[in-house]
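Asks: Just so it is clear, I am handing over input03.pdb, which has PDB, C-alpha atoms, pLDDT in the B column.
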```pdb
ATOM      1  CA  MET A   1      21.056  18.433   1.057  1.00 58.00           C
ATOM      2  CA  SER A   2      17.982  18.511   3.267  1.00 74.00           C
ATOM      3  CA  GLU A   3      15.674  15.533   3.503  1.00 76.00           C
ATOM      4  CA  ASN A   4      12.968  17.635   1.851  1.00 85.00           C
ATOM      5  CA  THR A   5      15.066  18.205  -1.230  1.00 93.00           C
ATOM      6  CA  VAL A   6      15.897  14.515  -1.529  1.00 95.00           C
ATOM      7  CA  ASN A   7      12.237  13.608  -1.141  1.00 96.00           C
ATOM      8  CA  SER A   8      11.154  16.034  -3.819  1.00 96.00           C
ATOM      9  CA  ARG A   9      13.853  14.757  -6.169  1.00 96.00           C
ATOM     10  CA  ILE A  10      12.628  11.207  -5.593  1.00 97.00           C
ATOM     11  CA  GLN A  11       9.020  12.286  -6.060  1.00 97.00           C
ATOM     12  CA  ASP A  12      10.006  13.917  -9.364  1.00 97.00           C
ATOM     13  CA  GLU A  13      11.597  10.680 -10.561  1.00 96.00           C
ATOM     14  CA  VAL A  14       8.550   8.693  -9.501  1.00 97.00           C
ATOM     15  CA  ASN A  15       6.180  11.048 -11.328  1.00 97.00           C
ATOM     16  CA  LYS A  16       8.326  11.495 -14.424  1.00 96.00           C
ATOM     17  CA  SER A  17       7.741   8.062 -15.975  1.00 97.00           C
ATOM     18  CA  ASP A  18       5.025   5.431 -15.816  1.00 98.00           C
ATOM     19  CA  VAL A  19       7.439   2.742 -14.646  1.00 98.00           C
ATOM     20  CA  VAL A  20      10.451   3.590 -12.492  1.00 98.00           C
ATOM     21  CA  LEU A  21      12.891   1.143 -10.945  1.00 98.00           C
ATOM     22  CA  PHE A  22      15.199   2.251  -8.144  1.00 98.00           C
ATOM     23  CA  MET A  23      18.064  -0.199  -8.430  1.00 98.00           C
ATOM     24  CA  LYS A  24      21.753  -0.830  -7.901  1.00 96.00           C
ATOM     25  CA  GLY A  25      23.642  -0.378 -11.138  1.00 97.00           C
ATOM     26  CA  SER A  26      22.142   0.069 -14.578  1.00 97.00           C
ATOM     27  CA  PRO A  27      19.781  -2.173 -16.569  1.00 97.00           C
ATOM     28  CA  VAL A  28      22.768  -3.293 -18.658  1.00 96.00           C
ATOM     29  CA  PHE A  29      25.092  -3.756 -15.678  1.00 96.00           C
ATOM     30  CA  PRO A  30      23.031  -4.420 -12.559  1.00 95.00           C
ATOM     31  CA  GLN A  31      25.252  -4.478  -9.463  1.00 93.00           C
ATOM     32  CA  CYS A  32      23.056  -6.755  -7.396  1.00 91.00           C
ATOM     33  CA  GLY A  33      21.236 -10.014  -8.052  1.00 92.00           C
ATOM     34  CA  PHE A  34      17.912  -8.708  -6.763  1.00 95.00           C
ATOM     35  CA  SER A  35      18.023  -5.707  -9.086  1.00 97.00           C
ATOM     36  CA  ALA A  36      19.050  -7.972 -11.962  1.00 97.00           C
ATOM     37  CA  ALA A  37      16.059 -10.244 -11.328  1.00 97.00           C
ATOM     38  CA  VAL A  38      13.586  -7.366 -11.613  1.00 98.00           C
ATOM     39  CA  ILE A  39      15.277  -6.088 -14.789  1.00 98.00           C
ATOM     40  CA  GLN A  40      14.929  -9.546 -16.319  1.00 98.00           C
ATOM     41  CA  ILE A  41      11.211  -9.589 -15.533  1.00 98.00           C
ATOM     42  CA  LEU A  42      10.586  -6.104 -16.934  1.00 98.00           C
ATOM     43  CA  ASN A  43      12.498  -7.057 -20.080  1.00 97.00           C
ATOM     44  CA  ALA A  44      10.614 -10.342 -20.392  1.00 97.00           C
ATOM     45  CA  LEU A  45       7.362  -8.391 -20.279  1.00 97.00           C
ATOM     46  CA  GLY A  46       8.706  -5.844 -22.762  1.00 97.00           C
ATOM     47  CA  VAL A  47       7.974  -2.965 -20.399  1.00 97.00           C
ATOM     48  CA  LYS A  48       9.477   0.445 -21.048  1.00 97.00           C
ATOM     49  CA  PHE A  49      10.913   1.815 -17.828  1.00 98.00           C
ATOM     50  CA  ASN A  50      13.218   4.364 -16.348  1.00 98.00           C
ATOM     51  CA  SER A  51      15.833   3.344 -13.819  1.00 98.00           C
ATOM     52  CA  VAL A  52      17.570   5.242 -11.056  1.00 98.00           C
ATOM     53  CA  ASP A  53      20.960   3.907  -9.940  1.00 98.00           C
ATOM     54  CA  VAL A  54      21.009   4.505  -6.181  1.00 97.00           C
ATOM     55  CA  LEU A  55      24.729   3.683  -6.045  1.00 96.00           C
ATOM     56  CA  MET A  56      25.364   6.946  -7.887  1.00 96.00           C
ATOM     57  CA  ASP A  57      23.882   8.997  -5.065  1.00 95.00           C
ATOM     58  CA  PRO A  58      24.140   8.072  -1.374  1.00 94.00           C
ATOM     59  CA  GLU A  59      21.360  10.519  -0.496  1.00 96.00           C
ATOM     60  CA  VAL A  60      18.906   8.889  -2.864  1.00 97.00           C
ATOM     61  CA  ARG A  61      20.073   5.470  -1.687  1.00 96.00           C
ATOM     62  CA  GLU A  62      19.106   6.260   1.910  1.00 95.00           C
ATOM     63  CA  GLY A  63      16.301   8.648   0.976  1.00 97.00           C
ATOM     64  CA  ILE A  64      14.348   6.106  -1.063  1.00 97.00           C
ATOM     65  CA  LYS A  65      14.213   3.793   1.964  1.00 96.00           C
ATOM     66  CA  ARG A  66      12.473   6.461   4.032  1.00 95.00           C
ATOM     67  CA  PHE A  67      10.386   7.703   1.108  1.00 97.00           C
ATOM     68  CA  THR A  68       8.855   4.274   0.529  1.00 97.00           C
ATOM     69  CA  ASN A  69       9.155   3.061   4.121  1.00 96.00           C
ATOM     70  CA  TRP A  70      10.948   0.036   2.693  1.00 97.00           C
ATOM     71  CA  PRO A  71      14.508  -0.858   3.784  1.00 96.00           C
ATOM     72  CA  THR A  72      15.733  -2.682   0.690  1.00 96.00           C
ATOM     73  CA  ILE A  73      16.472  -2.046  -2.979  1.00 97.00           C
ATOM     74  CA  PRO A  74      15.257  -2.612  -5.733  1.00 98.00           C
ATOM     75  CA  GLN A  75      11.925  -0.780  -5.521  1.00 98.00           C
ATOM     76  CA  LEU A  76       9.449  -0.624  -8.385  1.00 98.00           C
ATOM     77  CA  TYR A  77       7.001   2.227  -8.924  1.00 98.00           C
ATOM     78  CA  VAL A  78       4.195   2.139 -11.495  1.00 98.00           C
ATOM     79  CA  LYS A  79       2.190   5.302 -12.130  1.00 98.00           C
ATOM     80  CA  SER A  80       3.641   6.770  -8.939  1.00 97.00           C
ATOM     81  CA  GLU A  81       2.471   3.791  -6.878  1.00 97.00           C
ATOM     82  CA  PHE A  82       4.936   1.565  -5.019  1.00 98.00           C
ATOM     83  CA  VAL A  83       4.420  -2.011  -6.225  1.00 98.00           C
ATOM     84  CA  GLY A  84       7.131  -3.864  -4.339  1.00 98.00           C
ATOM     85  CA  GLY A  85      10.661  -5.159  -4.183  1.00 98.00           C
ATOM     86  CA  CYS A  86      12.221  -8.206  -5.792  1.00 97.00           C
ATOM     87  CA  ASP A  87      10.164 -10.862  -3.933  1.00 97.00           C
ATOM     88  CA  ILE A  88       6.834  -9.224  -4.711  1.00 97.00           C
ATOM     89  CA  ILE A  89       7.643  -8.527  -8.344  1.00 98.00           C
ATOM     90  CA  ARG A  90       8.843 -12.098  -8.818  1.00 97.00           C
ATOM     91  CA  GLU A  91       5.719 -13.509  -7.177  1.00 95.00           C
ATOM     92  CA  MET A  92       3.423 -11.267  -9.223  1.00 97.00           C
ATOM     93  CA  TYR A  93       5.265 -12.187 -12.414  1.00 97.00           C
ATOM     94  CA  GLU A  94       5.026 -15.914 -11.747  1.00 95.00           C
ATOM     95  CA  THR A  95       1.285 -15.774 -11.079  1.00 94.00           C
ATOM     96  CA  GLY A  96       0.638 -13.524 -14.086  1.00 95.00           C
ATOM     97  CA  GLU A  97      -0.608 -10.738 -11.810  1.00 96.00           C
ATOM     98  CA  LEU A  98       2.127  -8.347 -12.847  1.00 97.00           C
ATOM     99  CA  ALA A  99       1.089  -8.333 -16.500  1.00 97.00           C
ATOM    100  CA  ASP A 100      -2.565  -7.823 -15.502  1.00 97.00           C
ATOM    101  CA  PHE A 101      -1.592  -5.069 -13.105  1.00 97.00           C
ATOM    102  CA  LEU A 102       0.445  -3.264 -15.779  1.00 97.00           C
ATOM    103  CA  THR A 103      -2.333  -3.631 -18.326  1.00 97.00           C
ATOM    104  CA  ASN A 104      -4.887  -2.264 -15.854  1.00 96.00           C
ATOM    105  CA  LYS A 105      -2.600   0.679 -15.221  1.00 97.00           C
ATOM    106  CA  GLY A 106      -2.392   1.324 -18.954  1.00 96.00           C
ATOM    107  CA  VAL A 107       1.258   0.300 -19.221  1.00 97.00           C
ATOM    108  CA  GLU A 108       2.110  -1.487 -22.463  1.00 95.00           C
ATOM    109  CA  ASN A 109       3.507  -4.963 -22.002  1.00 94.00           C
ATOM    110  CA  ARG A 110       4.025  -8.061 -24.054  1.00 90.00           C
ATOM    111  CA  ALA A 111       1.377 -10.113 -22.248  1.00 76.00           C
ATOM    112  CA  ALA A 112      -1.362  -7.621 -23.098  1.00 56.00           C
TER
ATOM    113  CA  MET B 113      21.905 -15.700  19.528  1.00 87.00           C
ATOM    114  CA  THR B 114      22.455 -15.760  15.771  1.00 92.00           C
ATOM    115  CA  ILE B 115      20.628 -13.203  13.650  1.00 93.00           C
ATOM    116  CA  ALA B 116      18.598 -16.030  12.094  1.00 95.00           C
ATOM    117  CA  ALA B 117      17.461 -17.049  15.577  1.00 96.00           C
ATOM    118  CA  THR B 118      16.627 -13.433  16.458  1.00 96.00           C
ATOM    119  CA  ILE B 119      14.588 -13.042  13.274  1.00 97.00           C
ATOM    120  CA  GLU B 120      12.722 -16.258  13.978  1.00 97.00           C
ATOM    121  CA  ALA B 121      12.022 -15.283  17.608  1.00 98.00           C
ATOM    122  CA  LYS B 122      10.763 -11.798  16.750  1.00 98.00           C
ATOM    123  CA  LEU B 123       8.497 -12.966  13.933  1.00 98.00           C
ATOM    124  CA  THR B 124       7.185 -15.873  16.001  1.00 98.00           C
ATOM    125  CA  ASP B 125       6.277 -13.503  18.839  1.00 98.00           C
ATOM    126  CA  ALA B 126       4.544 -11.084  16.512  1.00 98.00           C
ATOM    127  CA  PHE B 127       2.622 -13.383  14.152  1.00 98.00           C
ATOM    128  CA  ALA B 128       2.197 -16.725  15.967  1.00 98.00           C
ATOM    129  CA  PRO B 129       2.939 -18.445  12.636  1.00 98.00           C
ATOM    130  CA  LEU B 130       1.741 -21.880  11.610  1.00 97.00           C
ATOM    131  CA  SER B 131       5.243 -22.359  10.237  1.00 97.00           C
ATOM    132  CA  ILE B 132       8.381 -20.301   9.869  1.00 98.00           C
ATOM    133  CA  THR B 133      11.724 -21.011   8.243  1.00 97.00           C
ATOM    134  CA  VAL B 134      14.660 -18.625   8.353  1.00 97.00           C
ATOM    135  CA  ILE B 135      17.615 -19.461   6.135  1.00 95.00           C
ATOM    136  CA  ASP B 136      20.951 -17.653   6.234  1.00 94.00           C
ATOM    137  CA  GLU B 137      21.981 -17.237   2.594  1.00 91.00           C
ATOM    138  CA  SER B 138      24.898 -14.933   3.319  1.00 88.00           C
ATOM    139  CA  HIS B 139      27.444 -17.389   1.917  1.00 84.00           C
ATOM    140  CA  MET B 140      25.736 -17.087  -1.491  1.00 81.00           C
ATOM    141  CA  HIS B 141      26.540 -13.380  -1.512  1.00 76.00           C
ATOM    142  CA  ALA B 142      30.094 -13.502  -0.164  1.00 74.00           C
ATOM    143  CA  GLY B 143      32.180 -10.762  -1.747  1.00 74.00           C
ATOM    144  CA  HIS B 144      29.151  -8.901  -3.091  1.00 73.00           C
ATOM    145  CA  ALA B 145      27.982  -5.490  -1.955  1.00 68.00           C
ATOM    146  CA  GLY B 146      26.507  -5.621   1.521  1.00 73.00           C
ATOM    147  CA  ALA B 147      28.263  -8.850   2.477  1.00 75.00           C
ATOM    148  CA  ARG B 148      30.547  -8.835   5.506  1.00 79.00           C
ATOM    149  CA  PRO B 149      33.333 -11.273   6.270  1.00 79.00           C
ATOM    150  CA  ALA B 150      31.431 -12.253   9.417  1.00 76.00           C
ATOM    151  CA  GLY B 151      28.372 -13.178   7.343  1.00 81.00           C
ATOM    152  CA  GLU B 152      24.788 -12.847   8.636  1.00 86.00           C
ATOM    153  CA  THR B 153      23.769 -10.258   6.047  1.00 89.00           C
ATOM    154  CA  HIS B 154      21.425 -12.069   3.635  1.00 92.00           C
ATOM    155  CA  PHE B 155      18.421 -14.088   4.799  1.00 95.00           C
ATOM    156  CA  ARG B 156      15.341 -15.761   3.414  1.00 96.00           C
ATOM    157  CA  VAL B 157      12.149 -16.054   5.461  1.00 97.00           C
ATOM    158  CA  ASP B 158       9.225 -18.306   4.690  1.00 97.00           C
ATOM    159  CA  ILE B 159       6.356 -17.604   7.044  1.00 97.00           C
ATOM    160  CA  VAL B 160       2.774 -18.843   7.112  1.00 98.00           C
ATOM    161  CA  ALA B 161       0.465 -17.021   9.502  1.00 98.00           C
ATOM    162  CA  ALA B 162      -3.244 -16.298   9.706  1.00 98.00           C
ATOM    163  CA  ALA B 163      -2.269 -12.800  10.868  1.00 97.00           C
ATOM    164  CA  PHE B 164      -1.532 -11.846   7.236  1.00 98.00           C
ATOM    165  CA  ALA B 165      -5.120 -12.406   6.083  1.00 97.00           C
ATOM    166  CA  GLY B 166      -6.605  -9.435   4.264  1.00 97.00           C
ATOM    167  CA  GLN B 167      -3.256  -7.685   3.887  1.00 97.00           C
ATOM    168  CA  SER B 168      -1.492  -6.806   0.656  1.00 97.00           C
ATOM    169  CA  ARG B 169       1.964  -8.193  -0.089  1.00 97.00           C
ATOM    170  CA  VAL B 170       3.482  -4.793   0.550  1.00 98.00           C
ATOM    171  CA  ALA B 171       1.719  -4.478   3.930  1.00 98.00           C
ATOM    172  CA  ARG B 172       2.903  -7.938   5.004  1.00 98.00           C
ATOM    173  CA  GLN B 173       6.516  -7.271   4.137  1.00 97.00           C
ATOM    174  CA  ARG B 174       6.413  -3.823   5.726  1.00 97.00           C
ATOM    175  CA  GLN B 175       5.345  -5.383   9.022  1.00 97.00           C
ATOM    176  CA  VAL B 176       8.180  -7.889   8.881  1.00 97.00           C
ATOM    177  CA  TYR B 177      10.685  -5.167   7.989  1.00 97.00           C
ATOM    178  CA  ALA B 178       9.416  -2.922  10.784  1.00 96.00           C
ATOM    179  CA  LEU B 179       9.946  -5.649  13.375  1.00 97.00           C
ATOM    180  CA  LEU B 180      13.520  -6.046  12.180  1.00 96.00           C
ATOM    181  CA  ALA B 181      14.435  -2.355  11.973  1.00 95.00           C
ATOM    182  CA  ASP B 182      17.191  -2.820  14.588  1.00 95.00           C
ATOM    183  CA  GLU B 183      18.712  -5.678  12.623  1.00 94.00           C
ATOM    184  CA  PHE B 184      18.680  -3.626   9.407  1.00 93.00           C
ATOM    185  CA  ALA B 185      20.360  -0.757  11.232  1.00 92.00           C
ATOM    186  CA  ALA B 186      23.025  -3.204  12.478  1.00 91.00           C
ATOM    187  CA  GLY B 187      24.016  -4.575   9.083  1.00 88.00           C
ATOM    188  CA  LEU B 188      21.245  -6.899   7.908  1.00 92.00           C
ATOM    189  CA  HIS B 189      21.403  -6.188   4.195  1.00 91.00           C
ATOM    190  CA  ALA B 190      18.845  -8.321   2.391  1.00 91.00           C
ATOM    191  CA  LEU B 191      15.788 -10.232   3.478  1.00 95.00           C
ATOM    192  CA  SER B 192      13.725 -12.233   1.019  1.00 95.00           C
ATOM    193  CA  ILE B 193      10.251 -12.708   2.401  1.00 96.00           C
ATOM    194  CA  ARG B 194       7.484 -15.095   1.432  1.00 96.00           C
ATOM    195  CA  ALA B 195       4.541 -14.345   3.727  1.00 97.00           C
ATOM    196  CA  LEU B 196       1.407 -16.426   3.194  1.00 96.00           C
ATOM    197  CA  THR B 197      -1.757 -17.197   5.085  1.00 97.00           C
ATOM    198  CA  PRO B 198      -2.616 -20.881   5.686  1.00 96.00           C
ATOM    199  CA  ASP B 199      -5.344 -20.550   3.005  1.00 95.00           C
ATOM    200  CA  GLU B 200      -2.807 -19.462   0.408  1.00 93.00           C
ATOM    201  CA  LEU B 201      -0.561 -22.485   0.779  1.00 89.00           C
ATOM    202  CA  PRO B 202      -0.313 -24.423  -2.461  1.00 82.00           C
ATOM    203  CA  ASN B 203      -2.546 -27.493  -2.423  1.00 75.00           C
ATOM    204  CA  PRO B 204      -0.598 -30.644  -1.643  1.00 69.00           C
TER
END
```
Please express the file's structure as structure tokens.
Replies:
Amino acid sequence: MSENTVNSRIQDEVNKSDVVLFMKGSPVFPQCGFSAAVIQILNALGVKFNSVDVLMDPEVREGIKRFTNWPTIPQLYVKSEFVGGCDIIREMYETGELADFLTNKGVENRAA
Amino acid sequence: MTIAATIEAKLTDAFAPLSITVIDESHMHAGHAGARPAGETHFRVDIVAAAFAGQSRVARQRQVYALLADEFAAGLHALSIRALTPDELPNP
């Protein structure tokens, strides 16, 4: 598959839902501690999200790194905007910024 | 030179940090995806530098990642980054 096709598939995923997490494994069975940490935070905030398991597709796994210009997974998108990886999401959650950010973006969450 | 030492040298050159700590956490991920028997795959970086002033969290981490592109290509798998300016340090 060409890089263009992968990019447009990723763009579709990003646009399709308000909150999208590119992760390893599924929300129920995360395959990596960093992905699991972000899932825990999203669940704690009661956020509805879609997830993409990059382990299911090597092209998406490499493609998302170029797409975001970010070499690690997980990656969180909100309203088609890249918010960050595990460190950033954790930091924003701990300071309360994440809930404010989601609320400002019009994404329902428990803190709102 | 260990990868931790390389990371520290590259980031020190680029950001002239007030402080920098690089910790190899690979042993905590032994046997998990991305780990190698030889280790040196998972690191944590704590860096405080005035150079980060006015930059978003994403921009700060992107700069760090960009400097370490060779290391990522060579098997560096995970890098936790805490990048602060001196002003953002928690009050003692």
Asks: Can you list, as a PyMOL selection string, the residues that the ChimeraX specification (/B :<9) & /A selects here?
Replies: chain A and resi 31-32+69-73+82-88+91
Asks: With 3 Å added on each side, what axis-aligned box encloses every listed atom of stretch 133-146 of chain B? Give the centre and edge lengths in Å to one decimal, as AutoDock Vina command-line options.
Replies:
```
--center_x 22.0 --center_y -13.3 --center_z 2.6 --size_x 26.5 --size_y 21.5 --size_z 17.4
```
Asks: Just to confirm, what's the straight-line distance from atom CA of B:Glu152 to atom CA of B:Ser138 in Å (one decimal)?
Replies: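 Computing it gives 5.7 Å between the two atoms.
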Asks: Using only C-alpha atoms, give me every residue within 12 Å of (8.8, 8.6, -8.2) in file coordinates, as a PyMOL selection string.
Replies: chain A and resi 6-22+49-52+60+63-64+67-68+75-83
Asks: Calculate how many Å separate atom CA of B:Ile159 from atom CA of B:Leu179, rounding to one decimal.
Replies: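 One can read the atom CA of B:Ile159 to atom CA of B:Leu179 distance as 14.0 Å.
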Asks: With N, CA, C and O atoms as the atom set, please write stretch 145-167 of chain B from the structure just given, as a short mmCIF file (atom, residue, chain, number, x, y, z; two decimals), in the first residue's frame.
Replies:
```cif
data_model
loop_
_atom_site.label_atom_id
_atom_site.label_comp_id
_atom_site.auth_asym_id
_atom_site.auth_seq_id
_atom_site.Cartn_x
_atom_site.Cartn_y
_atom_site.Cartn_z
N ALA B 145 6.99 -6.28 24.68
CA ALA B 145 7.23 -5.86 23.30
C ALA B 145 8.24 -4.73 23.27
O ALA B 145 8.18 -3.81 24.08
N GLY B 146 9.17 -4.80 22.34
CA GLY B 146 10.13 -3.72 22.18
C GLY B 146 11.38 -3.91 23.01
O GLY B 146 12.40 -3.28 22.76
N ALA B 147 11.32 -4.79 24.02
CA ALA B 147 12.52 -5.04 24.82
C ALA B 147 13.46 -5.96 24.06
O ALA B 147 13.03 -6.77 23.24
N ARG B 148 14.76 -5.78 24.29
CA ARG B 148 15.75 -6.67 23.68
C ARG B 148 16.56 -7.29 24.82
O ARG B 148 16.72 -6.67 25.86
N PRO B 149 17.08 -8.48 24.58
CA PRO B 149 17.90 -9.09 25.64
C PRO B 149 19.03 -8.17 26.07
O PRO B 149 19.41 -8.13 27.24
N ALA B 150 19.58 -7.42 25.13
CA ALA B 150 20.71 -6.54 25.44
C ALA B 150 20.28 -5.31 26.23
O ALA B 150 21.12 -4.56 26.74
N GLY B 151 18.99 -5.07 26.34
CA GLY B 151 18.51 -3.90 27.10
C GLY B 151 18.63 -2.62 26.29
O GLY B 151 18.68 -2.65 25.06
N GLU B 152 18.68 -1.49 26.98
CA GLU B 152 18.83 -0.16 26.37
C GLU B 152 17.71 0.15 25.38
O GLU B 152 17.96 0.60 24.27
N THR B 153 16.47 -0.11 25.79
CA THR B 153 15.33 0.15 24.91
C THR B 153 14.35 1.17 25.49
O THR B 153 13.66 1.85 24.77
N HIS B 154 14.28 1.23 26.82
CA HIS B 154 13.29 2.08 27.50
C HIS B 154 14.01 3.07 28.42
O HIS B 154 14.74 2.65 29.33
N PHE B 155 13.76 4.36 28.21
CA PHE B 155 14.44 5.38 29.00
C PHE B 155 13.46 6.43 29.50
O PHE B 155 12.39 6.62 28.93
N ARG B 156 13.88 7.07 30.58
CA ARG B 156 13.14 8.22 31.10
C ARG B 156 14.08 9.41 31.14
O ARG B 156 15.22 9.28 31.58
N VAL B 157 13.62 10.56 30.68
CA VAL B 157 14.44 11.77 30.68
C VAL B 157 13.71 12.86 31.44
O VAL B 157 12.54 13.13 31.19
N ASP B 158 14.41 13.45 32.38
CA ASP B 158 13.93 14.61 33.10
C ASP B 158 14.85 15.75 32.73
O ASP B 158 16.04 15.69 33.02
N ILE B 159 14.33 16.77 32.08
CA ILE B 159 15.22 17.84 31.63
C ILE B 159 14.60 19.20 31.95
O ILE B 159 13.40 19.40 31.75
N VAL B 160 15.42 20.09 32.48
CA VAL B 160 14.98 21.44 32.81
C VAL B 160 15.85 22.40 32.02
O VAL B 160 17.08 22.43 32.20
N ALA B 161 15.23 23.15 31.12
CA ALA B 161 16.02 24.06 30.28
C ALA B 161 15.20 25.29 29.91
O ALA B 161 14.01 25.18 29.59
N ALA B 162 15.85 26.43 29.96
CA ALA B 162 15.18 27.68 29.58
C ALA B 162 14.77 27.64 28.11
O ALA B 162 13.83 28.33 27.69
N ALA B 163 15.46 26.82 27.33
CA ALA B 163 15.19 26.74 25.89
C ALA B 163 13.75 26.31 25.58
O ALA B 163 13.26 26.55 24.47
N PHE B 164 13.06 25.70 26.55
CA PHE B 164 11.70 25.23 26.30
C PHE B 164 10.65 26.32 26.51
O PHE B 164 9.45 26.08 26.27
N ALA B 165 11.06 27.49 26.98
CA ALA B 165 10.10 28.55 27.29
C ALA B 165 9.25 28.88 26.06
O ALA B 165 9.77 28.97 24.94
N GLY B 166 7.97 29.05 26.28
CA GLY B 166 7.07 29.45 25.20
C GLY B 166 6.70 28.33 24.25
O GLY B 166 6.04 28.58 23.24
N GLN B 167 7.12 27.10 24.55
CA GLN B 167 6.81 25.99 23.65
C GLN B 167 5.81 25.04 24.30
O GLN B 167 5.89 24.76 25.49
#
```
